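K.L.:
One structure, as structure tokens, below. Some questions next.
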Amino acid sequence: MAHQPSEKTVLITGAAGQIGYALIPSICDGTIFGIGCTIHLHLLDIEPATRALQGVRMEIEDSAFSCLGSLVVTTNLEEAFSGVDVAILVGGYPRRKGMERSDLIDKNIAIMKEQGQALERFSDHDVKVLVVANPANTNCLTLMEFAPSIPRRNFTCMMRLDQDRLRGALADALQAQDPGFATACQIRNVVIWGNHSPTMVPDSTEAEIAVGGGGYQPLMPVLQQRCPPDVIGSIISDVRVRGATVIQARGLSSALSAARAVGAHLRDWLVTGTAPGEFVTMGVYSDANPYKLALGQGQEPLIPGGLVVGLPCRCWPGGKFEVVPGMLKSDTLQNEMKKTIVELAGERDVARTLLALS
């Protein structure tokens, strides 16, 4: 493993909310950045959340975290973003009942513009950024427009929760036929292509599974042998709406699983890199992706530039990554990919129009 800095300044926005609250322990106890890394933690939230934010401060102080070097709790952008090495942008305007996706973009444009400008003015210009607030892909794209000196490769949005939902659903399908056969952590190399929305394209065609103490083997033959023939279609449908299903069940959006996904994303991208033979899904800027040159059935690029798209990535310590080429081979995947790209391009255009009017 490459040498990692002995300290990091880490920002969480929306820190008084559920995901921030669930995420803080794994940052401060060394789970994400390592036991030897001292964390200077900056927590930001809006003025109405001040009281809750102070409560979070108290709990952090009461926890005696081994890796916490200092703590800033604030509602001031300059104080929050100053000198930040890693920015985890969880805070955003949540989707309310009756809101269209364009309404959600409208509500979050001003937030992302303001935070992008703060990154540009106050943060380290090699800052690594993970956008969690929805619509995550378009929020990430908006954010980078207002931080032009920060490399585009330093901006990512979270698709890891969708990836892990797919791993969990595949494991559940196998366990329904043979309890205890395999767990989600024994499955790797699934992909969530495209947008973090119901148009996402869950893909297990290159997935692998480790069973019986042996090495990894292709998952699809195992799945086809052990499960009903319609299981993949059912899993894809379930994964696409899993977030809404969680909300219906608990009355709140995913927090525990989202915080865990944030940690896994950051650890693979910035600290350990991905394991040999493994790739993970990250939302990344699409200008340099290998599918920009690959032509689909209509001879258009499979994945055009100028978007933030969920793609399979291999990572190395310190924030280096590459998009895995040679996938998206089937007509079915390509057709599904067109739908999510159309949605992402439409969201980008809505955002640009709203910015021009603001």
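Residues in the structure tokens are numbered from 1 in each chain, the chains being A, B, ... in the order shown, and ligands are numbered from 1 in the order shown.
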Give me, as a PyMOL selection string, the residues of stretch 72-223 of chain A that a backbone DSSP run labels strand (DSSP E or B).
P.N.:
chain A and resi 72-74+86-89+128-131+155-157+187-188+191-194+201-203+208-210+216-218
K.L.:
Would you export the selected residues with N, CA, C and O atoms as an mmCIF file, in the first residue's frame, please?
P.N.:
data_model
loop_
_atom_site.group_PDB
_atom_site.id
_atom_site.type_symbol
_atom_site.label_atom_id
_atom_site.label_comp_id
_atom_site.auth_asym_id
_atom_site.auth_seq_id
_atom_site.Cartn_x
_atom_site.Cartn_y
_atom_site.Cartn_z
ATOM 1 N N VAL A 72 -14.359 20.950 14.468
ATOM 2 C CA VAL A 72 -14.985 22.232 14.155
ATOM 3 C C VAL A 72 -16.453 21.969 13.870
ATOM 4 O O VAL A 72 -16.781 21.146 13.015
ATOM 5 N N VAL A 73 -17.330 22.647 14.575
ATOM 6 C CA VAL A 73 -18.773 22.512 14.383
ATOM 7 C C VAL A 73 -19.301 23.895 14.041
ATOM 8 O O VAL A 73 -19.165 24.840 14.826
ATOM 9 N N THR A 74 -19.908 24.041 12.850
ATOM 10 C CA THR A 74 -20.195 25.385 12.375
ATOM 11 C C THR A 74 -21.359 25.416 11.395
ATOM 12 O O THR A 74 -21.727 24.391 10.810
ATOM 13 N N VAL A 86 -10.781 16.135 2.384
ATOM 14 C CA VAL A 86 -11.861 15.243 1.943
ATOM 15 C C VAL A 86 -13.182 15.901 2.308
ATOM 16 O O VAL A 86 -13.406 16.242 3.475
ATOM 17 N N ALA A 87 -14.040 16.095 1.320
ATOM 18 C CA ALA A 87 -15.355 16.699 1.552
ATOM 19 C C ALA A 87 -16.437 15.669 1.245
ATOM 20 O O ALA A 87 -16.512 15.162 0.115
ATOM 21 N N ILE A 88 -17.254 15.375 2.240
ATOM 22 C CA ILE A 88 -18.365 14.426 2.094
ATOM 23 C C ILE A 88 -19.648 15.252 2.158
ATOM 24 O O ILE A 88 -20.037 15.722 3.231
ATOM 25 N N LEU A 89 -20.278 15.452 1.019
ATOM 26 C CA LEU A 89 -21.395 16.394 0.916
ATOM 27 C C LEU A 89 -22.713 15.618 1.010
ATOM 28 O O LEU A 89 -23.253 15.130 0.012
ATOM 29 N N LYS A 128 -10.531 15.822 -2.260
ATOM 30 C CA LYS A 128 -11.321 14.743 -2.850
ATOM 31 C C LYS A 128 -12.760 14.889 -2.358
ATOM 32 O O LYS A 128 -13.001 15.061 -1.160
ATOM 33 N N VAL A 129 -13.715 14.825 -3.288
ATOM 34 C CA VAL A 129 -15.107 15.161 -2.996
ATOM 35 C C VAL A 129 -16.004 13.965 -3.282
ATOM 36 O O VAL A 129 -15.922 13.356 -4.359
ATOM 37 N N LEU A 130 -16.857 13.642 -2.325
ATOM 38 C CA LEU A 130 -17.891 12.627 -2.504
ATOM 39 C C LEU A 130 -19.249 13.269 -2.258
ATOM 40 O O LEU A 130 -19.515 13.771 -1.166
ATOM 41 N N VAL A 131 -20.093 13.271 -3.284
ATOM 42 C CA VAL A 131 -21.439 13.834 -3.174
ATOM 43 C C VAL A 131 -22.417 12.704 -2.872
ATOM 44 O O VAL A 131 -22.504 11.713 -3.608
ATOM 45 N N PHE A 155 -13.774 14.577 -8.146
ATOM 46 C CA PHE A 155 -15.197 14.608 -7.799
ATOM 47 C C PHE A 155 -15.827 13.246 -8.084
ATOM 48 O O PHE A 155 -15.695 12.703 -9.183
ATOM 49 N N THR A 156 -16.531 12.718 -7.103
ATOM 50 C CA THR A 156 -17.280 11.479 -7.292
ATOM 51 C C THR A 156 -18.651 11.626 -6.636
ATOM 52 O O THR A 156 -18.846 12.472 -5.768
ATOM 53 N N CYS A 157 -19.589 10.810 -7.065
ATOM 54 C CA CYS A 157 -20.856 10.722 -6.335
ATOM 55 C C CYS A 157 -21.085 9.264 -5.947
ATOM 56 O O CYS A 157 -20.508 8.344 -6.530
ATOM 57 N N ILE A 187 -19.694 -11.802 -2.748
ATOM 58 C CA ILE A 187 -20.017 -11.454 -4.135
ATOM 59 C C ILE A 187 -19.314 -10.148 -4.487
ATOM 60 O O ILE A 187 -19.323 -9.191 -3.710
ATOM 61 N N ARG A 188 -18.681 -10.106 -5.646
ATOM 62 C CA ARG A 188 -17.987 -8.893 -6.071
ATOM 63 C C ARG A 188 -18.218 -8.642 -7.564
ATOM 64 O O ARG A 188 -18.748 -9.484 -8.284
ATOM 65 N N VAL A 191 -22.121 -4.135 -11.008
ATOM 66 C CA VAL A 191 -22.022 -2.739 -11.446
ATOM 67 C C VAL A 191 -23.400 -2.105 -11.406
ATOM 68 O O VAL A 191 -24.404 -2.745 -11.719
ATOM 69 N N ILE A 192 -23.428 -0.816 -11.041
ATOM 70 C CA ILE A 192 -24.625 0.003 -11.208
ATOM 71 C C ILE A 192 -24.269 1.093 -12.203
ATOM 72 O O ILE A 192 -23.556 2.045 -11.891
ATOM 73 N N TRP A 193 -24.731 0.925 -13.431
ATOM 74 C CA TRP A 193 -24.431 1.890 -14.487
ATOM 75 C C TRP A 193 -25.405 3.070 -14.411
ATOM 76 O O TRP A 193 -26.584 2.908 -14.089
ATOM 77 N N GLY A 194 -24.911 4.265 -14.727
ATOM 78 C CA GLY A 194 -25.799 5.391 -14.990
ATOM 79 C C GLY A 194 -26.112 6.266 -13.807
ATOM 80 O O GLY A 194 -25.236 6.708 -13.072
ATOM 81 N N VAL A 201 -28.904 1.029 -14.052
ATOM 82 C CA VAL A 201 -28.804 -0.264 -14.732
ATOM 83 C C VAL A 201 -27.988 -1.225 -13.861
ATOM 84 O O VAL A 201 -26.762 -1.263 -13.939
ATOM 85 N N PRO A 202 -28.644 -2.002 -12.997
ATOM 86 C CA PRO A 202 -27.929 -3.011 -12.211
ATOM 87 C C PRO A 202 -27.447 -4.143 -13.128
ATOM 88 O O PRO A 202 -28.209 -4.670 -13.931
ATOM 89 N N ASP A 203 -26.180 -4.495 -12.984
ATOM 90 C CA ASP A 203 -25.552 -5.433 -13.923
ATOM 91 C C ASP A 203 -24.706 -6.443 -13.149
ATOM 92 O O ASP A 203 -23.740 -6.077 -12.483
ATOM 93 N N GLU A 208 -18.737 -12.097 -9.637
ATOM 94 C CA GLU A 208 -18.070 -13.319 -9.188
ATOM 95 C C GLU A 208 -18.491 -13.628 -7.753
ATOM 96 O O GLU A 208 -18.878 -12.734 -7.002
ATOM 97 N N ILE A 209 -18.367 -14.904 -7.393
ATOM 98 C CA ILE A 209 -18.729 -15.341 -6.045
ATOM 99 C C ILE A 209 -17.653 -16.293 -5.523
ATOM 100 O O ILE A 209 -17.086 -17.091 -6.277
ATOM 101 N N ALA A 210 -17.356 -16.175 -4.250
ATOM 102 C CA ALA A 210 -16.411 -17.083 -3.582
ATOM 103 C C ALA A 210 -17.209 -18.014 -2.682
ATOM 104 O O ALA A 210 -17.884 -17.562 -1.756
ATOM 105 N N TYR A 216 -12.610 -17.050 -6.431
ATOM 106 C CA TYR A 216 -13.804 -16.509 -7.073
ATOM 107 C C TYR A 216 -14.096 -17.240 -8.369
ATOM 108 O O TYR A 216 -13.187 -17.645 -9.103
ATOM 109 N N GLN A 217 -15.391 -17.384 -8.636
ATOM 110 C CA GLN A 217 -15.858 -17.984 -9.880
ATOM 111 C C GLN A 217 -17.026 -17.149 -10.400
ATOM 112 O O GLN A 217 -17.636 -16.390 -9.642
ATOM 113 N N PRO A 218 -17.352 -17.244 -11.689
ATOM 114 C CA PRO A 218 -18.471 -16.461 -12.224
ATOM 115 C C PRO A 218 -19.774 -16.738 -11.472
ATOM 116 O O PRO A 218 -20.100 -17.904 -11.180
#
K.L.:
At a cut-off of 6 Å, can you tabulate as CSV every residue of stretch 184-281 of chain A near stretch 317-323 of chain A together with its closest atom pair and the distance in Å to one decimal, using only C-alpha atoms and ordering rows by chain then number?
P.N.:
residue,atom,partner,partner_atom,distance
A:Trp269,CA,A:Gly319,CA,5.2
A:Leu270,CA,A:Gly318,CA,4.5
A:Val271,CA,A:Pro317,CA,4.8
A:Thr272,CA,A:Pro317,CA,5.1
A:Gly273,CA,A:Pro317,CA,4.7
K.L.:
Among stretch 143-177 of chain A, which ones does DSSP place in helix (DSSP H, G or I), written as a list in words?
P.N.:
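Those residues are Leu143, Met144, Glu145, Arg152, Arg153, Asn154, Arg160, Leu161, Asp162, Gln163, Asp164, Arg165, Leu166, Arg167, Gly168, Ala169, Leu170, Ala171, Asp172, Ala173, Leu174, Gln175, Ala176 and Gln177 of chain A.
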K.L.:
Nearest residue to A:Asp349 out of A:Gly17, A:Asn134, A:Thr142, A:Asn189, using only C-alpha atoms?
P.N.:
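The answer is A:Thr142, which sits nearest to A:Asp349.
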K.L.:
Fewer than 4 positions away in the same chain doesn't count, so skip those; otherwise give me all residues within 7 Å of A:Arg348, counting only C-alpha atoms, as a PyMOL selection string.
P.N.:
chain A and resi 138+344+352
K.L.:
Keeping only N, CA, C and O atoms, write those residues as an mmCIF file, in the first residue's frame.
P.N.:
data_model
loop_
_atom_site.group_PDB
_atom_site.id
_atom_site.type_symbol
_atom_site.label_atom_id
_atom_site.label_comp_id
_atom_site.auth_asym_id
_atom_site.auth_seq_id
_atom_site.Cartn_x
_atom_site.Cartn_y
_atom_site.Cartn_z
ATOM 1 N N THR A 138 -26.229 14.703 -10.664
ATOM 2 C CA THR A 138 -26.369 16.066 -11.169
ATOM 3 C C THR A 138 -25.868 17.084 -10.158
ATOM 4 O O THR A 138 -25.286 18.113 -10.533
ATOM 5 N N LEU A 344 -29.870 11.486 -17.426
ATOM 6 C CA LEU A 344 -28.765 12.290 -16.911
ATOM 7 C C LEU A 344 -28.550 13.549 -17.750
ATOM 8 O O LEU A 344 -28.324 14.638 -17.204
ATOM 9 N N ARG A 352 -28.581 23.470 -16.001
ATOM 10 C CA ARG A 352 -27.989 24.604 -16.722
ATOM 11 C C ARG A 352 -29.006 25.718 -16.937
ATOM 12 O O ARG A 352 -28.682 26.903 -16.803
#
K.L.:
Counting only C-alpha atoms, give me one row per residue of stretch 149-175 of chain A with an atom at most 12 Å from an atom of stretch 283-289 of chain A, showing the shortest contact pair and its distance in Å to one decimal, sorted by chain then residue number, as CSV.
P.N.:
residue,atom,partner,partner_atom,distance
A:Pro151,CA,A:Tyr285,CA,10.3
A:Arg152,CA,A:Tyr285,CA,6.5
A:Arg153,CA,A:Tyr285,CA,6.8
A:Asn154,CA,A:Val284,CA,8.8
A:Phe155,CA,A:Val284,CA,6.7
A:Thr156,CA,A:Val284,CA,5.0
A:Cys157,CA,A:Gly283,CA,4.6
A:Met158,CA,A:Gly283,CA,6.0
A:Met159,CA,A:Gly283,CA,6.0
A:Arg160,CA,A:Gly283,CA,8.7
A:Leu161,CA,A:Gly283,CA,11.4
A:Asp162,CA,A:Gly283,CA,11.1
A:Gln163,CA,A:Gly283,CA,11.3
K.L.:
Got time to write the residues from that selection, all heavy atoms, as a compact mmCIF listing (two decimals), in the first residue's frame?
P.N.:
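Saved as selection19.txt:
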# COMPACT_ATOMS: atom_id res chain seq x y z
N PRO A 151 -9.33 19.30 -9.97
CA PRO A 151 -9.42 18.32 -11.07
C PRO A 151 -10.75 17.58 -11.06
O PRO A 151 -11.28 17.20 -10.00
CB PRO A 151 -8.25 17.37 -10.79
CG PRO A 151 -7.28 18.16 -9.99
CD PRO A 151 -8.11 19.09 -9.15
N ARG A 152 -11.29 17.35 -12.25
CA ARG A 152 -12.57 16.65 -12.37
C ARG A 152 -12.52 15.25 -11.78
O ARG A 152 -13.52 14.74 -11.29
CB ARG A 152 -12.99 16.59 -13.85
CG ARG A 152 -13.28 17.97 -14.47
CD ARG A 152 -14.48 18.57 -13.79
NE ARG A 152 -14.91 19.82 -14.40
CZ ARG A 152 -14.67 21.04 -13.90
NH1 ARG A 152 -13.97 21.16 -12.78
NH2 ARG A 152 -15.12 22.11 -14.49
N ARG A 153 -11.35 14.63 -11.83
CA ARG A 153 -11.22 13.27 -11.29
C ARG A 153 -11.32 13.26 -9.77
O ARG A 153 -11.42 12.19 -9.17
CB ARG A 153 -9.87 12.67 -11.71
CG ARG A 153 -9.79 12.34 -13.20
CD ARG A 153 -8.41 11.80 -13.56
NE ARG A 153 -8.12 10.56 -12.87
CZ ARG A 153 -8.48 9.36 -13.30
NH1 ARG A 153 -9.18 9.25 -14.42
NH2 ARG A 153 -8.14 8.28 -12.63
N ASN A 154 -11.28 14.42 -9.15
CA ASN A 154 -11.39 14.49 -7.68
C ASN A 154 -12.83 14.52 -7.21
O ASN A 154 -13.08 14.51 -6.01
CB ASN A 154 -10.67 15.74 -7.16
CG ASN A 154 -9.15 15.63 -7.25
OD1 ASN A 154 -8.63 14.83 -8.02
ND2 ASN A 154 -8.44 16.43 -6.48
N PHE A 155 -13.77 14.58 -8.15
CA PHE A 155 -15.20 14.61 -7.80
C PHE A 155 -15.83 13.25 -8.08
O PHE A 155 -15.70 12.70 -9.18
CB PHE A 155 -15.93 15.67 -8.63
CG PHE A 155 -15.57 17.08 -8.28
CD1 PHE A 155 -14.49 17.71 -8.90
CD2 PHE A 155 -16.31 17.80 -7.36
CE1 PHE A 155 -14.16 19.01 -8.59
CE2 PHE A 155 -15.98 19.11 -7.04
CZ PHE A 155 -14.90 19.72 -7.66
N THR A 156 -16.53 12.72 -7.10
CA THR A 156 -17.28 11.48 -7.29
C THR A 156 -18.65 11.63 -6.64
O THR A 156 -18.85 12.47 -5.77
CB THR A 156 -16.57 10.27 -6.65
OG1 THR A 156 -16.50 10.45 -5.24
CG2 THR A 156 -15.17 10.09 -7.21
N CYS A 157 -19.59 10.81 -7.06
CA CYS A 157 -20.86 10.72 -6.34
C CYS A 157 -21.08 9.26 -5.95
O CYS A 157 -20.51 8.34 -6.53
CB CYS A 157 -22.03 11.29 -7.13
SG CYS A 157 -22.71 10.21 -8.40
N MET A 158 -21.92 9.07 -4.95
CA MET A 158 -22.06 7.74 -4.37
C MET A 158 -23.05 6.88 -5.14
O MET A 158 -24.23 7.20 -5.23
CB MET A 158 -22.47 7.82 -2.90
CG MET A 158 -22.31 6.46 -2.22
SD MET A 158 -22.52 6.50 -0.45
CE MET A 158 -24.29 6.60 -0.31
N MET A 159 -22.54 5.79 -5.67
CA MET A 159 -23.34 4.71 -6.24
C MET A 159 -23.13 3.41 -5.45
O MET A 159 -23.71 2.38 -5.78
CB MET A 159 -22.96 4.49 -7.70
CG MET A 159 -23.01 5.72 -8.59
SD MET A 159 -24.68 6.27 -8.97
CE MET A 159 -25.29 4.94 -9.99
N ARG A 160 -22.29 3.49 -4.44
CA ARG A 160 -21.89 2.28 -3.70
C ARG A 160 -23.07 1.65 -2.97
O ARG A 160 -23.14 0.42 -2.84
CB ARG A 160 -20.78 2.64 -2.72
CG ARG A 160 -20.17 1.46 -1.96
CD ARG A 160 -19.54 0.44 -2.91
NE ARG A 160 -18.75 -0.55 -2.20
CZ ARG A 160 -17.43 -0.52 -2.09
NH1 ARG A 160 -16.73 0.46 -2.65
NH2 ARG A 160 -16.79 -1.46 -1.44
N LEU A 161 -23.99 2.46 -2.48
CA LEU A 161 -25.14 1.89 -1.79
C LEU A 161 -25.97 1.05 -2.75
O LEU A 161 -26.42 -0.06 -2.41
CB LEU A 161 -25.99 3.00 -1.17
CG LEU A 161 -27.27 2.56 -0.44
CD1 LEU A 161 -26.97 1.52 0.63
CD2 LEU A 161 -27.97 3.77 0.17
N ASP A 162 -26.16 1.53 -3.97
CA ASP A 162 -26.89 0.74 -4.98
C ASP A 162 -26.14 -0.55 -5.30
O ASP A 162 -26.75 -1.62 -5.44
CB ASP A 162 -27.08 1.56 -6.25
CG ASP A 162 -27.85 2.85 -6.00
OD1 ASP A 162 -28.91 2.80 -5.37
OD2 ASP A 162 -27.36 3.91 -6.42
N GLN A 163 -24.82 -0.44 -5.42
CA GLN A 163 -24.01 -1.63 -5.67
C GLN A 163 -24.19 -2.66 -4.57
O GLN A 163 -24.39 -3.86 -4.83
CB GLN A 163 -22.53 -1.24 -5.77
CG GLN A 163 -21.59 -2.44 -5.84
CD GLN A 163 -20.15 -2.07 -5.57
OE1 GLN A 163 -19.56 -1.32 -6.33
NE2 GLN A 163 -19.58 -2.58 -4.48
K.L.:
Find the residues near A:Lys339: any atom within 7 Å, counting only C-alpha atoms, skip ones fewer than 4 places away on the same chain, and give them as a compact mmCIF listing (two decimals) with N, CA and C atoms, in the first residue's frame.
P.N.:
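To be explicit, this is the file written out as result_27.txt:
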# COMPACT_ATOMS: atom_id res chain seq x y z
N THR A 199 -33.81 4.74 -13.11
CA THR A 199 -33.30 4.33 -14.42
C THR A 199 -31.94 3.65 -14.34
N ASN A 335 -29.37 -0.91 -24.39
CA ASN A 335 -30.68 -0.24 -24.47
C ASN A 335 -31.06 0.39 -23.14
N GLU A 343 -31.78 10.42 -19.24
CA GLU A 343 -32.20 11.08 -18.00
C GLU A 343 -31.10 11.98 -17.45
K.L.:
Can you tell me, as a short mmCIF file (atom, residue, chain, number, x, y, z; two decimals) with N, CA and C atoms, in the first residue's frame, what residues are no more than 12 Å from A:Leu256 when counting only C-alpha atoms, ignoring any on the same chain fewer than 3 positions away?
P.N.:
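Contents of the output file around_22.cif:
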data_model
loop_
_atom_site.label_atom_id
_atom_site.label_comp_id
_atom_site.auth_asym_id
_atom_site.auth_seq_id
_atom_site.Cartn_x
_atom_site.Cartn_y
_atom_site.Cartn_z
N GLY A 17 -27.76 15.50 10.36
CA GLY A 17 -28.75 14.57 9.83
C GLY A 17 -28.40 13.12 10.12
N GLN A 18 -29.27 12.24 9.66
CA GLN A 18 -29.13 10.81 9.97
C GLN A 18 -27.85 10.19 9.43
N ILE A 19 -27.53 10.47 8.15
CA ILE A 19 -26.35 9.84 7.55
C ILE A 19 -25.08 10.36 8.20
N GLY A 20 -24.99 11.69 8.39
CA GLY A 20 -23.83 12.25 9.04
C GLY A 20 -23.62 11.67 10.42
N TYR A 21 -24.70 11.56 11.17
CA TYR A 21 -24.66 11.02 12.53
C TYR A 21 -24.15 9.58 12.52
N ALA A 22 -24.60 8.79 11.54
CA ALA A 22 -24.19 7.39 11.46
C ALA A 22 -22.77 7.24 10.93
N LEU A 23 -22.29 8.23 10.19
CA LEU A 23 -20.98 8.17 9.54
C LEU A 23 -19.83 8.55 10.47
N ILE A 24 -20.07 9.49 11.38
CA ILE A 24 -19.01 10.07 12.20
C ILE A 24 -18.16 9.03 12.93
N PRO A 25 -18.74 8.01 13.57
CA PRO A 25 -17.89 7.06 14.30
C PRO A 25 -16.84 6.37 13.44
N SER A 26 -17.20 5.96 12.23
CA SER A 26 -16.23 5.23 11.39
C SER A 26 -15.13 6.14 10.86
N LEU A 161 -23.99 2.46 -2.48
CA LEU A 161 -25.14 1.89 -1.79
C LEU A 161 -25.97 1.05 -2.75
N VAL A 246 -37.28 1.15 1.59
CA VAL A 246 -36.78 1.40 2.94
C VAL A 246 -37.59 2.52 3.61
N LEU A 252 -38.29 6.66 7.21
CA LEU A 252 -37.12 7.50 7.02
C LEU A 252 -36.25 6.89 5.93
N SER A 253 -35.41 7.71 5.33
CA SER A 253 -34.53 7.20 4.27
C SER A 253 -33.38 6.41 4.86
N ALA A 259 -24.38 5.34 5.30
CA ALA A 259 -23.13 5.69 5.97
C ALA A 259 -22.06 4.61 5.73
N ARG A 260 -22.49 3.37 5.79
CA ARG A 260 -21.54 2.28 5.53
C ARG A 260 -21.03 2.34 4.09
N ALA A 261 -21.90 2.66 3.15
CA ALA A 261 -21.50 2.77 1.75
C ALA A 261 -20.53 3.92 1.54
N VAL A 262 -20.76 5.05 2.22
CA VAL A 262 -19.81 6.17 2.16
C VAL A 262 -18.43 5.70 2.60
N GLY A 263 -18.39 4.99 3.71
CA GLY A 263 -17.11 4.50 4.22
C GLY A 263 -16.40 3.57 3.24
#
K.L.:
Which is closer to A:Ser102 than all the others in A:Gly243, A:Pro135, A:Pro325, A:Gly116, using only C-alpha atoms?
P.N.:
A:Pro135
K.L.:
Neighbouring residues of A:Ala275 were defined as those with any atom within 9 Å, considering only C-alpha atoms; residues of the same chain fewer than 5 positions away were excluded. Please report them as a PyMOL selection string.
P.N.:
chain A and resi 268+314-315
